[in-house]
$ cat start.tsv   # TSV, N, CA and C atoms
chain	number	residue	atom	x	y	z
N	1	GLN	N	20.36	22.06	12.13
N	1	GLN	CA	20.06	20.70	12.58
N	1	GLN	C	21.19	19.77	12.18
N	2	THR	N	21.47	18.85	13.07
N	2	THR	CA	22.45	17.82	12.73
N	2	THR	C	21.82	16.80	11.81
N	3	GLY	N	22.65	15.98	11.19
N	3	GLY	CA	22.15	14.95	10.28
N	3	GLY	C	21.20	14.00	10.97
N	4	ALA	N	21.52	13.59	12.23
N	4	ALA	CA	20.68	12.63	12.96
N	4	ALA	C	19.30	13.22	13.24
N	5	LEU	N	19.25	14.50	13.64
N	5	LEU	CA	17.95	15.13	13.91
N	5	LEU	C	17.15	15.29	12.63
N	6	ARG	N	17.82	15.67	11.56
N	6	ARG	CA	17.15	15.81	10.27
N	6	ARG	C	16.60	14.45	9.82
N	7	ASP	N	17.39	13.38	9.98
N	7	ASP	CA	16.94	12.04	9.61
N	7	ASP	C	15.77	11.59	10.45
N	8	ALA	N	15.80	11.89	11.76
N	8	ALA	CA	14.70	11.51	12.66
N	8	ALA	C	13.42	12.25	12.27
N	9	ALA	N	13.53	13.53	11.92
N	9	ALA	CA	12.36	14.31	11.51
N	9	ALA	C	11.79	13.76	10.20
N	10	TYR	N	12.67	13.37	9.29
N	10	TYR	CA	12.21	12.80	8.02
N	10	TYR	C	11.50	11.46	8.26
N	11	ALA	N	12.08	10.61	9.10
N	11	ALA	CA	11.47	9.31	9.40
N	11	ALA	C	10.10	9.51	10.06
N	12	GLU	N	10.00	10.47	10.97
N	12	GLU	CA	8.72	10.75	11.63
N	12	GLU	C	7.69	11.21	10.59
N	13	HIS	N	8.11	12.05	9.66
N	13	HIS	CA	7.21	12.52	8.60
N	13	HIS	C	6.81	11.36	7.68
N	14	LEU	N	7.78	10.54	7.31
N	14	LEU	CA	7.54	9.43	6.39
N	14	LEU	C	6.55	8.42	6.96
N	15	PHE	N	6.66	8.12	8.25
N	15	PHE	CA	5.82	7.09	8.86
N	15	PHE	C	4.61	7.66	9.60
N	16	ARG	N	4.36	8.98	9.46
N	16	ARG	CA	3.19	9.59	10.11
N	16	ARG	C	1.93	9.03	9.47
N	17	PRO	N	1.00	8.52	10.27
N	17	PRO	CA	-0.22	7.92	9.71
N	17	PRO	C	-1.11	8.94	9.00
N	18	THR	N	-1.88	8.44	8.07
N	18	THR	CA	-2.87	9.23	7.35
N	18	THR	C	-4.24	8.87	7.89
N	19	HIS	N	-5.05	9.90	8.15
N	19	HIS	CA	-6.44	9.68	8.56
N	19	HIS	C	-7.29	9.63	7.30
N	20	ALA	N	-7.94	8.50	7.06
N	20	ALA	CA	-8.78	8.37	5.86
N	20	ALA	C	-9.80	7.26	6.07
N	21	HIS	N	-10.93	7.42	5.40
N	21	HIS	CA	-11.96	6.38	5.36
N	21	HIS	C	-11.69	5.56	4.10
N	22	VAL	N	-11.52	4.24	4.26
N	22	VAL	CA	-11.13	3.39	3.14
N	22	VAL	C	-12.12	2.24	2.99
N	23	THR	N	-12.49	1.97	1.75
N	23	THR	CA	-13.27	0.76	1.44
N	23	THR	C	-12.54	-0.01	0.34
N	24	ILE	N	-12.63	-1.32	0.42
N	24	ILE	CA	-12.09	-2.19	-0.62
N	24	ILE	C	-13.25	-3.05	-1.10
N	25	ASP	N	-13.55	-2.91	-2.37
N	25	ASP	CA	-14.70	-3.60	-2.98
N	25	ASP	C	-15.97	-3.39	-2.15
N	26	GLY	N	-16.15	-2.16	-1.66
N	26	GLY	CA	-17.34	-1.78	-0.91
N	26	GLY	C	-17.31	-2.13	0.56
N	27	GLU	N	-16.33	-2.90	1.02
N	27	GLU	CA	-16.23	-3.26	2.43
N	27	GLU	C	-15.37	-2.23	3.16
N	28	VAL	N	-15.87	-1.74	4.29
N	28	VAL	CA	-15.17	-0.72	5.06
N	28	VAL	C	-13.99	-1.33	5.79
N	29	VAL	N	-12.82	-0.69	5.67
N	29	VAL	CA	-11.64	-1.09	6.44
N	29	VAL	C	-11.86	-0.59	7.87
N	30	ASP	N	-11.60	-1.44	8.87
N	30	ASP	CA	-12.01	-1.16	10.25
N	30	ASP	C	-11.16	-0.13	10.99
N	31	THR	N	-10.31	0.60	10.31
N	31	THR	CA	-9.55	1.67	10.96
N	31	THR	C	-9.52	2.88	10.04
N	32	ASP	N	-9.47	4.06	10.62
N	32	ASP	CA	-9.33	5.29	9.85
N	32	ASP	C	-7.91	5.84	9.94
N	33	LEU	N	-7.01	5.10	10.58
N	33	LEU	CA	-5.62	5.50	10.74
N	33	LEU	C	-4.74	4.54	9.96
N	34	HIS	N	-4.05	5.07	8.94
N	34	HIS	CA	-3.30	4.23	8.01
N	34	HIS	C	-1.85	4.69	7.92
N	35	SER	N	-0.93	3.81	8.25
N	35	SER	CA	0.48	4.11	8.02
N	35	SER	C	0.92	3.54	6.68
N	36	GLY	N	0.00	2.94	5.96
N	36	GLY	CA	0.25	2.47	4.62
N	36	GLY	C	-1.05	2.27	3.87
N	37	LEU	N	-1.12	2.81	2.67
N	37	LEU	CA	-2.23	2.58	1.75
N	37	LEU	C	-1.58	2.28	0.40
N	38	HIS	N	-1.62	1.03	-0.01
N	38	HIS	CA	-0.92	0.61	-1.22
N	38	HIS	C	-1.86	-0.14	-2.15
N	39	ALA	N	-1.63	0.03	-3.44
N	39	ALA	CA	-2.32	-0.75	-4.47
N	39	ALA	C	-1.26	-1.20	-5.46
N	40	GLY	N	-1.12	-2.50	-5.62
N	40	GLY	CA	-0.14	-3.04	-6.55
N	40	GLY	C	-0.82	-3.76	-7.69
N	41	ALA	N	-0.33	-3.49	-8.91
N	41	ALA	CA	-0.91	-4.11	-10.10
N	41	ALA	C	-0.07	-5.26	-10.64
N	42	ILE	N	1.13	-5.44	-10.08
N	42	ILE	CA	2.05	-6.46	-10.58
N	42	ILE	C	2.52	-7.33	-9.42
N	43	ASP	N	2.46	-8.63	-9.61
N	43	ASP	CA	3.00	-9.59	-8.64
N	43	ASP	C	4.52	-9.51	-8.73
N	44	VAL	N	5.13	-8.78	-7.80
N	44	VAL	CA	6.57	-8.56	-7.82
N	44	VAL	C	7.25	-9.70	-7.06
N	45	ASN	N	8.18	-10.38	-7.73
N	45	ASN	CA	8.90	-11.50	-7.14
N	45	ASN	C	10.39	-11.23	-7.30
N	46	PHE	N	11.07	-10.92	-6.20
N	46	PHE	CA	12.49	-10.64	-6.22
N	46	PHE	C	13.27	-11.94	-6.10
N	47	ALA	N	13.47	-12.61	-7.23
N	47	ALA	CA	14.28	-13.83	-7.33
N	47	ALA	C	13.84	-14.91	-6.35
N	48	GLY	N	12.56	-14.97	-6.05
N	48	GLY	CA	12.06	-15.98	-5.14
N	48	GLY	C	12.39	-15.72	-3.67
N	49	LEU	N	13.01	-14.57	-3.38
N	49	LEU	CA	13.39	-14.24	-2.00
N	49	LEU	C	12.36	-13.38	-1.29
N	50	LEU	N	11.65	-12.58	-2.05
N	50	LEU	CA	10.70	-11.65	-1.46
N	50	LEU	C	9.57	-11.43	-2.47
N	51	ARG	N	8.33	-11.57	-2.00
N	51	ARG	CA	7.16	-11.38	-2.86
N	51	ARG	C	6.37	-10.19	-2.35
N	52	VAL	N	6.10	-9.26	-3.24
N	52	VAL	CA	5.30	-8.08	-2.91
N	52	VAL	C	4.13	-8.04	-3.89
N	53	PHE	N	2.95	-7.89	-3.41
N	53	PHE	CA	1.70	-7.83	-4.19
N	53	PHE	C	1.38	-9.13	-4.92
N	54	PRO	N	1.52	-10.29	-4.28
N	54	PRO	CA	1.25	-11.55	-4.99
N	54	PRO	C	-0.21	-11.74	-5.40
N	55	PHE	N	-1.15	-11.06	-4.75
N	55	PHE	CA	-2.56	-11.23	-5.12
N	55	PHE	C	-2.87	-10.56	-6.45
N	56	ALA	N	-1.95	-9.76	-6.98
N	56	ALA	CA	-2.15	-9.11	-8.28
N	56	ALA	C	-1.87	-10.06	-9.44
N	57	ARG	N	-1.53	-11.31	-9.14
N	57	ARG	CA	-1.23	-12.28	-10.21
N	57	ARG	C	-2.47	-12.65	-11.02
N	58	ASP	N	-3.65	-12.48	-10.44
N	58	ASP	CA	-4.89	-12.82	-11.14
N	58	ASP	C	-5.35	-11.64	-12.00
N	59	GLU	N	-5.79	-11.94	-13.19
N	59	GLU	CA	-6.22	-10.90	-14.14
N	59	GLU	C	-7.34	-10.04	-13.55
N	60	GLY	N	-7.19	-8.72	-13.66
N	60	GLY	CA	-8.19	-7.78	-13.20
N	60	GLY	C	-8.20	-7.53	-11.71
N	61	VAL	N	-7.22	-8.11	-10.98
N	61	VAL	CA	-7.16	-7.98	-9.53
N	61	VAL	C	-5.96	-7.12	-9.15
N	62	LEU	N	-6.20	-6.17	-8.25
N	62	LEU	CA	-5.12	-5.39	-7.64
N	62	LEU	C	-4.86	-5.95	-6.25
N	63	HIS	N	-3.65	-5.75	-5.74
N	63	HIS	CA	-3.31	-6.17	-4.38
N	63	HIS	C	-3.32	-4.92	-3.52
N	64	PHE	N	-4.18	-4.92	-2.48
N	64	PHE	CA	-4.35	-3.74	-1.63
N	64	PHE	C	-3.80	-3.98	-0.22
N	65	HIS	N	-3.15	-2.95	0.31
N	65	HIS	CA	-2.76	-2.90	1.72
N	65	HIS	C	-3.42	-1.65	2.31
N	66	ALA	N	-3.94	-1.76	3.52
N	66	ALA	CA	-4.48	-0.60	4.22
N	66	ALA	C	-4.33	-0.84	5.72
N	67	GLY	N	-4.08	0.24	6.45
N	67	GLY	CA	-4.03	0.14	7.91
N	67	GLY	C	-2.64	0.27	8.48
N	68	ASP	N	-2.36	-0.54	9.49
N	68	ASP	CA	-1.14	-0.46	10.29
N	68	ASP	C	0.03	-1.15	9.59
N	69	MET	N	0.88	-0.35	8.98
N	69	MET	CA	2.05	-0.88	8.30
N	69	MET	C	3.32	-0.22	8.85
N	70	ARG	N	3.31	0.04	10.16
N	70	ARG	CA	4.50	0.60	10.78
N	70	ARG	C	5.69	-0.34	10.60
N	71	PRO	N	6.91	0.16	10.67
N	71	PRO	CA	8.09	-0.69	10.45
N	71	PRO	C	8.09	-1.96	11.30
N	72	GLN	N	7.68	-1.89	12.56
N	72	GLN	CA	7.70	-3.09	13.40
N	72	GLN	C	6.70	-4.14	12.93
N	73	VAL	N	5.58	-3.69	12.36
N	73	VAL	CA	4.60	-4.63	11.80
N	73	VAL	C	5.17	-5.30	10.56
N	74	MET	N	5.85	-4.52	9.73
N	74	MET	CA	6.44	-5.08	8.51
N	74	MET	C	7.58	-6.05	8.83
N	75	ILE	N	8.37	-5.74	9.83
N	75	ILE	CA	9.44	-6.66	10.24
N	75	ILE	C	8.84	-7.97	10.72
N	76	ALA	N	7.78	-7.89	11.50
N	76	ALA	CA	7.12	-9.11	11.98
N	76	ALA	C	6.53	-9.92	10.81
N	77	ASN	N	6.27	-9.26	9.69
N	77	ASN	CA	5.68	-9.93	8.52
N	77	ASN	C	6.71	-10.39	7.50
N	78	LEU	N	7.99	-10.29	7.80
N	78	LEU	CA	9.00	-10.74	6.84
N	78	LEU	C	8.78	-12.18	6.38
N	79	PRO	N	8.44	-13.13	7.28
N	79	PRO	CA	8.18	-14.50	6.79
N	79	PRO	C	7.05	-14.55	5.75
N	80	ASN	N	6.02	-13.70	5.92
N	80	ASN	CA	4.91	-13.66	4.97
N	80	ASN	C	5.34	-13.04	3.64
N	81	LEU	N	6.20	-12.03	3.70
N	81	LEU	CA	6.72	-11.43	2.48
N	81	LEU	C	7.58	-12.42	1.70
N	82	ILE	N	8.33	-13.23	2.40
N	82	ILE	CA	9.17	-14.24	1.75
N	82	ILE	C	8.29	-15.33	1.14
N	83	ALA	N	7.26	-15.74	1.85
N	83	ALA	CA	6.37	-16.81	1.38
N	83	ALA	C	5.35	-16.34	0.34
N	84	GLY	N	5.17	-15.02	0.23
N	84	GLY	CA	4.16	-14.51	-0.69
N	84	GLY	C	2.75	-14.73	-0.19
N	85	THR	N	2.58	-14.72	1.14
N	85	THR	CA	1.26	-14.91	1.73
N	85	THR	C	0.77	-13.59	2.33
N	86	ALA	N	-0.47	-13.55	2.77
N	86	ALA	CA	-1.08	-12.33	3.30
N	86	ALA	C	-0.32	-11.82	4.52
N	87	LEU	N	-0.15	-10.50	4.59
N	87	LEU	CA	0.43	-9.87	5.77
N	87	LEU	C	-0.61	-9.90	6.88
N	88	ARG	N	-0.14	-9.96	8.11
N	88	ARG	CA	-1.05	-10.04	9.26
N	88	ARG	C	-0.78	-8.91	10.24
N	89	GLY	N	-1.84	-8.44	10.86
N	89	GLY	CA	-1.74	-7.41	11.88
N	89	GLY	C	-3.13	-7.08	12.40
N	90	ASP	N	-3.17	-6.52	13.61
N	90	ASP	CA	-4.46	-6.22	14.23
N	90	ASP	C	-5.30	-5.25	13.41
N	91	HIS	N	-4.66	-4.25	12.82
N	91	HIS	CA	-5.39	-3.25	12.04
N	91	HIS	C	-4.77	-3.14	10.65
N	92	LEU	N	-4.60	-4.29	10.02
N	92	LEU	CA	-3.98	-4.36	8.71
N	92	LEU	C	-4.83	-5.22	7.78
N	93	VAL	N	-5.18	-4.67	6.62
N	93	VAL	CA	-5.91	-5.40	5.61
N	93	VAL	C	-4.94	-5.64	4.46
N	94	ASP	N	-4.86	-6.88	4.03
N	94	ASP	CA	-4.00	-7.27	2.91
N	94	ASP	C	-4.79	-8.25	2.07
N	95	ARG	N	-5.27	-7.79	0.90
N	95	ARG	CA	-6.13	-8.66	0.10
N	95	ARG	C	-6.17	-8.19	-1.35
N	96	GLY	N	-6.63	-9.08	-2.19
N	96	GLY	CA	-6.86	-8.74	-3.59
N	96	GLY	C	-8.24	-8.15	-3.74
N	97	GLY	N	-8.40	-7.33	-4.77
N	97	GLY	CA	-9.71	-6.75	-5.03
N	97	GLY	C	-9.72	-5.98	-6.33
N	98	ARG	N	-10.85	-5.36	-6.60
N	98	ARG	CA	-11.01	-4.63	-7.87
N	98	ARG	C	-11.13	-3.11	-7.67
N	99	GLU	N	-11.38	-2.66	-6.42
N	99	GLU	CA	-11.50	-1.22	-6.21
N	99	GLU	C	-11.18	-0.84	-4.77
N	100	MET	N	-10.36	0.18	-4.62
N	100	MET	CA	-10.10	0.78	-3.30
N	100	MET	C	-10.52	2.24	-3.39
N	101	ARG	N	-11.36	2.65	-2.45
N	101	ARG	CA	-11.82	4.04	-2.37
N	101	ARG	C	-11.23	4.64	-1.10
N	102	ILE	N	-10.55	5.77	-1.24
N	102	ILE	CA	-9.91	6.47	-0.12
N	102	ILE	C	-10.49	7.87	-0.05
N	103	GLU	N	-11.04	8.23	1.12
N	103	GLU	CA	-11.60	9.56	1.32
N	103	GLU	C	-10.85	10.23	2.46
N	104	ALA	N	-10.46	11.48	2.25
N	104	ALA	CA	-9.68	12.22	3.23
N	104	ALA	C	-10.40	12.30	4.56
N	105	GLY	N	-9.62	12.23	5.63
N	105	GLY	CA	-10.15	12.40	6.98
N	105	GLY	C	-9.85	13.80	7.47
N	106	GLU	N	-9.01	13.89	8.51
N	106	GLU	CA	-8.69	15.17	9.14
N	106	GLU	C	-7.81	16.07	8.28
N	107	GLU	N	-7.14	15.52	7.31
N	107	GLU	CA	-6.26	16.32	6.46
N	107	GLU	C	-6.40	15.89	5.01
N	108	ILE	N	-6.00	16.76	4.13
N	108	ILE	CA	-6.05	16.47	2.70
N	108	ILE	C	-4.99	15.41	2.39
N	109	LEU	N	-5.31	14.52	1.46
N	109	LEU	CA	-4.38	13.45	1.07
N	109	LEU	C	-3.28	14.00	0.17
N	110	ARG	N	-2.10	13.37	0.26
N	110	ARG	CA	-0.96	13.71	-0.60
N	110	ARG	C	-0.38	12.41	-1.15
N	111	PRO	N	-1.14	11.72	-2.00
N	111	PRO	CA	-0.69	10.39	-2.45
N	111	PRO	C	0.51	10.47	-3.40
N	112	ILE	N	1.26	9.38	-3.41
N	112	ILE	CA	2.32	9.19	-4.39
N	112	ILE	C	1.84	8.08	-5.32
N	113	LEU	N	1.69	8.40	-6.59
N	113	LEU	CA	1.20	7.46	-7.58
N	113	LEU	C	2.28	7.29	-8.65
N	114	ASP	N	2.80	6.08	-8.75
N	114	ASP	CA	3.89	5.79	-9.69
N	114	ASP	C	5.04	6.77	-9.55
N	115	GLY	N	5.37	7.10	-8.31
N	115	GLY	CA	6.52	7.96	-8.04
N	115	GLY	C	6.24	9.45	-8.07
N	116	GLU	N	5.05	9.86	-8.43
N	116	GLU	CA	4.69	11.28	-8.49
N	116	GLU	C	3.81	11.63	-7.31
N	117	ARG	N	4.15	12.71	-6.56
N	117	ARG	CA	3.33	13.17	-5.45
N	117	ARG	C	2.25	14.11	-5.97
N	118	TYR	N	1.01	13.90	-5.50
N	118	TYR	CA	-0.12	14.74	-5.84
N	118	TYR	C	-0.57	15.45	-4.57
N	119	GLU	N	-0.87	16.74	-4.69
N	119	GLU	CA	-1.27	17.55	-3.54
N	119	GLU	C	-2.77	17.83	-3.58
N	120	GLY	N	-3.37	18.02	-2.40
N	120	GLY	CA	-4.75	18.50	-2.30
N	120	GLY	C	-5.81	17.52	-2.76
N	121	VAL	N	-5.60	16.22	-2.54
N	121	VAL	CA	-6.57	15.22	-2.97
N	121	VAL	C	-7.54	14.94	-1.83
N	122	ARG	N	-8.84	15.04	-2.10
N	122	ARG	CA	-9.86	14.76	-1.07
N	122	ARG	C	-10.36	13.33	-1.16
N	123	ALA	N	-10.36	12.75	-2.35
N	123	ALA	CA	-10.82	11.38	-2.52
N	123	ALA	C	-10.09	10.77	-3.72
N	124	LEU	N	-9.92	9.46	-3.65
N	124	LEU	CA	-9.19	8.75	-4.68
N	124	LEU	C	-9.81	7.36	-4.84
N	125	THR	N	-10.07	6.97	-6.06
N	125	THR	CA	-10.55	5.62	-6.34
N	125	THR	C	-9.51	4.93	-7.21
N	126	VAL	N	-9.10	3.73	-6.79
N	126	VAL	CA	-8.09	2.97	-7.51
N	126	VAL	C	-8.75	1.72	-8.08
N	127	ARG	N	-8.63	1.56	-9.41
N	127	ARG	CA	-9.18	0.39	-10.11
N	127	ARG	C	-8.15	-0.07	-11.14
N	128	PRO	N	-8.21	-1.33	-11.55
N	128	PRO	CA	-7.29	-1.76	-12.60
N	128	PRO	C	-7.61	-1.08	-13.92
N	129	GLY	N	-6.57	-0.79	-14.66
N	129	GLY	CA	-6.73	-0.23	-16.00
N	129	GLY	C	-6.64	-1.35	-17.02
N	130	PRO	N	-6.41	-0.99	-18.26
N	130	PRO	CA	-6.31	-2.03	-19.29
N	130	PRO	C	-5.08	-2.90	-19.05
N	131	ARG	N	-5.19	-4.16	-19.38
N	131	ARG	CA	-4.10	-5.11	-19.19
N	131	ARG	C	-3.02	-4.84	-20.25
N	132	VAL	N	-1.77	-4.78	-19.80
N	132	VAL	CA	-0.63	-4.58	-20.68
N	132	VAL	C	0.26	-5.80	-20.59
N	133	ARG	N	0.55	-6.39	-21.71
N	133	ARG	CA	1.42	-7.58	-21.73
N	133	ARG	C	2.86	-7.13	-21.72
N	134	ILE	N	3.65	-7.77	-20.86
N	134	ILE	CA	5.08	-7.46	-20.74
N	134	ILE	C	5.85	-8.71	-21.11
N	135	GLY	N	6.80	-8.55	-22.01
N	135	GLY	CA	7.61	-9.69	-22.44
N	135	GLY	C	8.54	-10.14	-21.33
N	136	ARG	N	8.82	-11.43	-21.31
N	136	ARG	CA	9.72	-12.00	-20.33
N	136	ARG	C	11.13	-12.06	-20.93
N	137	VAL	N	12.09	-11.59	-20.17
N	137	VAL	CA	13.47	-11.61	-20.63
N	137	VAL	C	14.20	-12.73	-19.91
N	138	ARG	N	14.85	-13.58	-20.66
N	138	ARG	CA	15.61	-14.70	-20.07
N	138	ARG	C	17.08	-14.49	-20.37
N	139	ALA	N	17.87	-14.72	-19.37
N	139	ALA	CA	19.33	-14.56	-19.55
N	139	ALA	C	19.96	-15.85	-20.01
$ encode --input "start.tsv" --output "structure tokens"
Amino acid sequence: QTGALRDAAYAEHLFRPTHAHVTIDGEVVDTDLHSGLHAGAIDVNFAGLLRVFPFARDEGVLHFHAGDMRPQVMIANLPNLIAGTALRGDHLVDRGGREMRIEAGEEILRPILDGERYEGVRALTVRPGPRVRIGRVRA
């Protein structure tokens, strides 16, 4: 395979949707097809230029994404990422909450949690753990 074909196959694999039944705080997400399932515990602010997971700023709250997060949807949401506001899309949920439950659909889940891939997962529940204080470094 040439580099371009190998890259195209990797991109197709990377953005292939996952079939799963998802609830956030007991509410059913209205799609079973997810190109992104994310839970963020930290309000990440890249020098005021880009905000990721801003709803995690409240104690005990995680920031959840579920549904249609294809590249074109994320590009359309760049203004929201810059402003730190909710992402928008027809089949996209972006909200704060305390629990996300993911149950496998047509295939077994292969989640990546803190950079580690797990194989053969049929169900996963994500909740906040104990609060850890992180010191602020000033230059």
$ residues_near_point --input "start.tsv" --point "(-1.8, -7.1, 2.5)" --cutoff "9 Å" --atoms "only C-alpha atoms" --output "mmCIF file with N, CA and C atoms, in the frame of the given file"
data_model
loop_
_atom_site.group_PDB
_atom_site.id
_atom_site.type_symbol
_atom_site.label_atom_id
_atom_site.label_comp_id
_atom_site.auth_asym_id
_atom_site.auth_seq_id
_atom_site.Cartn_x
_atom_site.Cartn_y
_atom_site.Cartn_z
ATOM 1 N N HIS N 38 -1.620 1.030 -0.010
ATOM 2 C CA HIS N 38 -0.920 0.610 -1.220
ATOM 3 C C HIS N 38 -1.860 -0.140 -2.150
ATOM 4 N N VAL N 52 6.100 -9.260 -3.240
ATOM 5 C CA VAL N 52 5.300 -8.080 -2.910
ATOM 6 C C VAL N 52 4.130 -8.040 -3.890
ATOM 7 N N PHE N 53 2.950 -7.890 -3.410
ATOM 8 C CA PHE N 53 1.700 -7.830 -4.190
ATOM 9 C C PHE N 53 1.380 -9.130 -4.920
ATOM 10 N N PHE N 55 -1.150 -11.060 -4.750
ATOM 11 C CA PHE N 55 -2.560 -11.230 -5.120
ATOM 12 C C PHE N 55 -2.870 -10.560 -6.450
ATOM 13 N N HIS N 63 -3.650 -5.750 -5.740
ATOM 14 C CA HIS N 63 -3.310 -6.170 -4.380
ATOM 15 C C HIS N 63 -3.320 -4.920 -3.520
ATOM 16 N N PHE N 64 -4.180 -4.920 -2.480
ATOM 17 C CA PHE N 64 -4.350 -3.740 -1.630
ATOM 18 C C PHE N 64 -3.800 -3.980 -0.220
ATOM 19 N N HIS N 65 -3.150 -2.950 0.310
ATOM 20 C CA HIS N 65 -2.760 -2.900 1.720
ATOM 21 C C HIS N 65 -3.420 -1.650 2.310
ATOM 22 N N ALA N 66 -3.940 -1.760 3.520
ATOM 23 C CA ALA N 66 -4.480 -0.600 4.220
ATOM 24 C C ALA N 66 -4.330 -0.840 5.720
ATOM 25 N N THR N 85 2.580 -14.720 1.140
ATOM 26 C CA THR N 85 1.260 -14.910 1.730
ATOM 27 C C THR N 85 0.770 -13.590 2.330
ATOM 28 N N ALA N 86 -0.470 -13.550 2.770
ATOM 29 C CA ALA N 86 -1.080 -12.330 3.300
ATOM 30 C C ALA N 86 -0.320 -11.820 4.520
ATOM 31 N N LEU N 87 -0.150 -10.500 4.590
ATOM 32 C CA LEU N 87 0.430 -9.870 5.770
ATOM 33 C C LEU N 87 -0.610 -9.900 6.880
ATOM 34 N N ARG N 88 -0.140 -9.960 8.110
ATOM 35 C CA ARG N 88 -1.050 -10.040 9.260
ATOM 36 C C ARG N 88 -0.780 -8.910 10.240
ATOM 37 N N LEU N 92 -4.600 -4.290 10.020
ATOM 38 C CA LEU N 92 -3.980 -4.360 8.710
ATOM 39 C C LEU N 92 -4.830 -5.220 7.780
ATOM 40 N N VAL N 93 -5.180 -4.670 6.620
ATOM 41 C CA VAL N 93 -5.910 -5.400 5.610
ATOM 42 C C VAL N 93 -4.940 -5.640 4.460
ATOM 43 N N ASP N 94 -4.860 -6.880 4.030
ATOM 44 C CA ASP N 94 -4.000 -7.270 2.910
ATOM 45 C C ASP N 94 -4.790 -8.250 2.070
ATOM 46 N N ARG N 95 -5.270 -7.790 0.900
ATOM 47 C CA ARG N 95 -6.130 -8.660 0.100
ATOM 48 C C ARG N 95 -6.170 -8.190 -1.350
ATOM 49 N N GLY N 96 -6.630 -9.080 -2.190
ATOM 50 C CA GLY N 96 -6.860 -8.740 -3.590
ATOM 51 C C GLY N 96 -8.240 -8.150 -3.740
#
$ select_by_dssp --input "start.tsv" --residues "segment 15-136 of chain N" --states "strand (DSSP E or B)" --output "ChimeraX atom specification"
/N:18-24,27-28,33-34,36-40,44-46,50-52,62-67,92-97,100-104,109,112-113,116-117,121,123-126
$ atom_distance --input "start.tsv" --atom1 "atom CA of Gly129 of chain N" --atom2 "atom CA of His91 of chain N"
28.2 Å
$ atom_distance --input "start.tsv" --atom1 "atom CA of Ala47 of chain N" --atom2 "atom N of Leu14 of chain N"
29.2 Å
$ atom_distance --input "start.tsv" --atom1 "atom CA of Thr23 of chain N" --atom2 "atom CA of Asp58 of chain N"
20.3 Å
$ residues_near_point --input "start.tsv" --point "(0.5, 3.3, 5.5)" --cutoff "6 Å" --atoms "all atoms listed in the file" --output "list in words"
His34, Ser35, Gly36, Leu37, Gly67 and Met69 of chain N
